[in-house]
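One structure is given here, and the rest of the page talks about it.
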Amino acid sequence: MKSEAQLIFEVSQAGRRAYSQAPKPVAAEQLGKLPSALRRATKPLLPEVSELQVVRHYTNLSNKNFAIDKQFYPLGSCTMKYNPRGANRAAMLPGFLKRHPLAPASHSQGYLACLFDLQEFLKEVTGMKGVSLTPMAGAQGEFAGVAMIRAYHEARNDHERTEILVPEAAHGTNPATAVMCGYKVREVPVNADGDVDLEALKAACGPQTAGLMMTNPSTCGVFERQIEAIAKAVHQAGGLLYYDGANLNAILGKVRPGDMGFDVIHMNLHKTFATPHGGGGPGSGPVGVSERLKPFMPTPIVAKEGDNYRWLTDADLPQTIGQLSTFMGNAGVLLRAYYYAISLGREGMLRVGEYSSLAANYLLHRLQEVGYTAAYPQRRASHEFILTLAKEAKNFDVSAMDVAKRLLDYNMHAPTTYFPLLVPECLLIEPTETETKETLDEFVDAMAKILAEAKENPELVKGAPYSQPVRRLDDVRAARELNLVWRPAS
Amino acid sequence: MSNIPTELRYAKSHEWIRLEDDGTAYVGISEHAQDAMGDLVYVELPEVGDVFAASDETGVVESVKAASDIYAPVSGEIVAINEALADNPELVNQDCYGDGWLYRIKVTDKFELDELLSADEYSAEIDEEDED
Amino acid sequence: MPYIPHTPDDVQSMLSAIGVASIEDLFDEIPAHLKVAALDKLPDGLSEMEVTARMAARAKQDEGAVCFIGAGAYEHHIPAAVWEIATRGEYYTAYTPYQAEASQGTLQTIYEYQSMIAHLTAMDVSNASVYDGASGLAEAVLMALRANRKSKSYRVLMPTAVHPLYRRAAHDIVSNQGVSIEEVTFCQQRGITAVEALDAYAGEDYAALVIAQPNFFGSLEDVDALTDWAHSNNMLVIAVVNPTSLALLKPPGEWGEKGADIVVGEGQPLGVPLSSGGPYFGFMCCKQQHVRQMPGRIIGRTVDLDGKTGFALTLQAREQHIRRSKATSNICTNQGLAVTAATIYMSLLGADGLESVAGHCHANTNLLADKLCAIAGVKRRFSAVTFHEVVIELPKDASEVLAALAAKNILGGYSLAAGYGMSNAMLVCATEVRTVEEIEQYAAALAEVLA
């Protein structure tokens, strides 16, 4: 399957289309009221293909993808666990699928019941007092969280809080979000053990501190051991604590962010709650809050009064930070997360953190055995851990990127590369709790082979992958000669 | 070893500056900087007539893996920009001290150049950075 | 344990390899008092059979009504092939295409999507989508502020004829950065934004003017005059459009002398079901010169080491994971799966099919309006021509009327009370899926309710 890529436009023929897919055109008179000055003069350039051509084209394209359904995906920080098929079927039941977002509450009780239950479930697993399901992605959840912190300080008439503290290892969305909320970012260093430098943090806290954004376990793949001291330092300075829930999978069922002192958290349902990644989205990023931030939660939220469910709006939450989407978030994703949550229930939730950490620690141990270098060898892995290939880069000129690409030839997706930025040549590896021990062992074997190749035949690794529909792509050309839209040859 | 011409002055943020006889100066980024960035795909330059103070952000150099700000090494007014970079940003990689110049600035206060680093001082700076 | 495959032997084997006695030992770095004992308030886990039965019962509760609501989400026929293909595991469970060689399926699909949307809107470039139409409008406002170098004011002009929920979300998102959105009211009689009303702002510094076509009332704005006015006043034009309508209406790239600068809108009508409000996707396009200011992921075409065509994420240096605090936005995700569905939908329909759908929506809504306005006391509220939605004025409170209709399993429309204080008015919509019988039943039911 190595033939040159062909676009759907390139297999089009003038006059062809899937005739059963649209009603016959209306008579021209029926469009008579539309002023000609506002009418489209030329047809848009869309494909002209038969239904079979469409099905074949996109089915063949799909075959060019890696996917959890096919391969192991040890992407750190992404939590690529199995996406339950039952969740998909349940979310696409006609009653949910055909329901208009503005349908009255009288015709939405079933849907609202699912959302309410999910809100309550998430409160319990996170130890937070309020939950809003509306943010449409992790980054939007972060935005909501920081916006709530802002609203909180403004409600207290404290206008001196201009800074958000962010550990230097943080995911890029953290500082980007802080800026989107009108704050300046101050970075706090991380020490050689992977923990935030507590003394530097204390020095950075003051009356200008609006809050601190953190992940725990951190982006270094280790548990922030001084979390209580950190919380105390920030709270004493009058700031609030924001928890980036990207790594919630590591502690689900073991520790609750609410108990660690966080004031607001966001969750990534497309990570922790197994909703599908869909080639880049959609996600969902609900926020959980402590008591003092409840008045500011983004709307709408579901409330239960007796047996009746209804939406809470501005009238109920006059201090809300408002709405982040047209309607109420990624409903279909929420239903899938709800399915997952109640499938697992209490015992299931208690096991997620345990088994994801077991798999990660197992891999950490075995990969070191076969010769790789851990970034924090003296620490326990959380649900993920970091290897550094700085030595291999220096000795054999084989980089983390090269190893990642070569793994594709072993039919496994690469781990996360070059994140966090502060560990050179790093691979961030997260197996999740849904992979068998055999798969984990196969991964170790492949990694061992690649390490041997790096020593004996580095050029082989540097030229990888060889087995995919394309070899390595020219990124520089893609950015310099921007070709973002197909146009016919003139 | 990075090429660091001795007749130029350098900012810690990796810009170089060359004062001309007419009181204007050419500004670019050092070889160390262009090497760290990798192949440039785009250069965002200021506009002729823009006025900056030393250390102000004047533009961005963008590669596939990073986008770095370019800071004004001294205060002044932009009198010319290198238009060739619009279509050929790789000139910065190929000849960062010559054809890859970024802009020409009319220097407000020549003494600001004294506050910048000499070639030796800049060399020591980047050696320190590499050790981190 | 659902989805966890480890047998006791597996567990023992792994623990031995690690060198610990129990799983609990792996958590020895965590202070003991932080560890949760049990999650008592959670229910017991359920089997697939039980979960499905519960959700099926709840879904059934919400079934059965006929929908005449538009207001930003539209019920269209979605060909069976669309979601059969989109939910293939290779699309459904694929990750973001950071490793391009392993993701050519997703990447080429999104490149084709970008191409189709660019052609539909007649714009130079498109990104890989943002979350939805409303947040897209917020991003467009922020983008206009970056792109319009001549403007220093940090404010934009927003007609109140733009969807109230869009205006709300845009405000709630951008106000955190000190951006102010100033509203321009619509002509009460026509239901569109009069160019004369803009004269009050002529010569003032605003970064952009937002133009919705059709606007929230379904009415058609004079987009050429509005666009030219904005450009002559050094403002960028942000177009908010409905993709189905673009099969019939002049695309924003051709508005006025110079065309719109940034285009956003809700992509849901292109093959995404109503699904209770999401996930949808926001499309976003712009002129070539502004492409580096556009947020979100973008796919570009390039070649590999052997010279073969391939596709990859490009311009990533502007995004949060590289540029961090100076990124164009904090956005990470695009709505990959929804975009995949839209691409298949547009391929199946083509320009002719989409035009047909659009024509039927326009005709059906006109039919609906005629039938409803034949009832005494019911009339069209505004005089401007409409596309596939129209505001109907009733002789009594619209919310009451809608509740009475809902009791008959007809979701008649959307009240304009909350957004505009027009408590007797409702926005109705009849797409190509509504039959003549359903429209007649609605009219009969309304006559009953009003009698």
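Ordered as shown in the structure tokens, chains take letters A, B, and onward, while each chain numbers its residues from 1 and ligands are numbered from 1 in the order shown.
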Please, which residues of chain B lie no more than 7 Å from chain A when the count uses only C-alpha atoms, and can they be set out as a PDB file with N, CA and C atoms, in the first residue's frame?
ATOM      1  N   ASP B  39      16.184  25.033  10.819  1.00  0.00           N
ATOM      2  CA  ASP B  39      15.788  25.712   9.581  1.00  0.00           C
ATOM      3  C   ASP B  39      14.657  26.689   9.842  1.00  0.00           C
ATOM      4  N   VAL B  41      11.519  28.920   9.012  1.00  0.00           N
ATOM      5  CA  VAL B  41      10.439  28.852   8.040  1.00  0.00           C
ATOM      6  C   VAL B  41       9.778  30.204   7.844  1.00  0.00           C
ATOM      7  N   TYR B  42       9.995  31.109   8.787  1.00  0.00           N
ATOM      8  CA  TYR B  42       9.340  32.407   8.685  1.00  0.00           C
ATOM      9  C   TYR B  42      10.046  33.406   9.580  1.00  0.00           C
ATOM     10  N   VAL B  64      10.493  25.085  12.652  1.00  0.00           N
ATOM     11  CA  VAL B  64       9.481  24.039  12.832  1.00  0.00           C
ATOM     12  C   VAL B  64       9.281  23.756  14.314  1.00  0.00           C
TER      13      VAL B  64
END
So that I can check the secondary structure, give me every residue of range 40-109 of chain A assigned alpha helix (DSSP H) by backbone DSSP, as a PyMOL selection string. chain A and resi 51-62+85-91+94-97+109
Within 9 Å of chain B: residues of chain C, using only C-alpha atoms, as a PyMOL selection string: chain C and resi 314-318+322-323
Of the candidates B:Ser118, B:Ser2, B:Thr58, B:Ser30, which shows the shortest atom-to-atom distance to His14 in chain B, using only C-alpha atoms?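 Ranked by minimum distance to His14 in chain B, first place goes to B:Ser30.
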With distances taken over only C-alpha atoms, which residue among A:Arg406, A:Arg471, A:Lys437, A:Lys304 lies nearest Pro458 in chain A?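 The closest residue to Pro458 in chain A is A:Arg406.
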In Å, how far is it from CA of Thr185 in chain C to CA of Leu157 in chain C?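 One can read the CA of Thr185 in chain C to CA of Leu157 in chain C distance as 10.5 Å.
The closest residue to Asp95 in chain B, picked from B:Arg9, B:Asp35, B:Ala25, B:Leu19 and counting only C-alpha atoms, is B:Asp35.
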Would you list the contacts of range 173-182 of chain C as a count of residues only, taking every protein, DNA or RNA residue within 8 Å and counting only C-alpha atoms, but skipping same-chain residues closer than 5 positions in sequence? 15
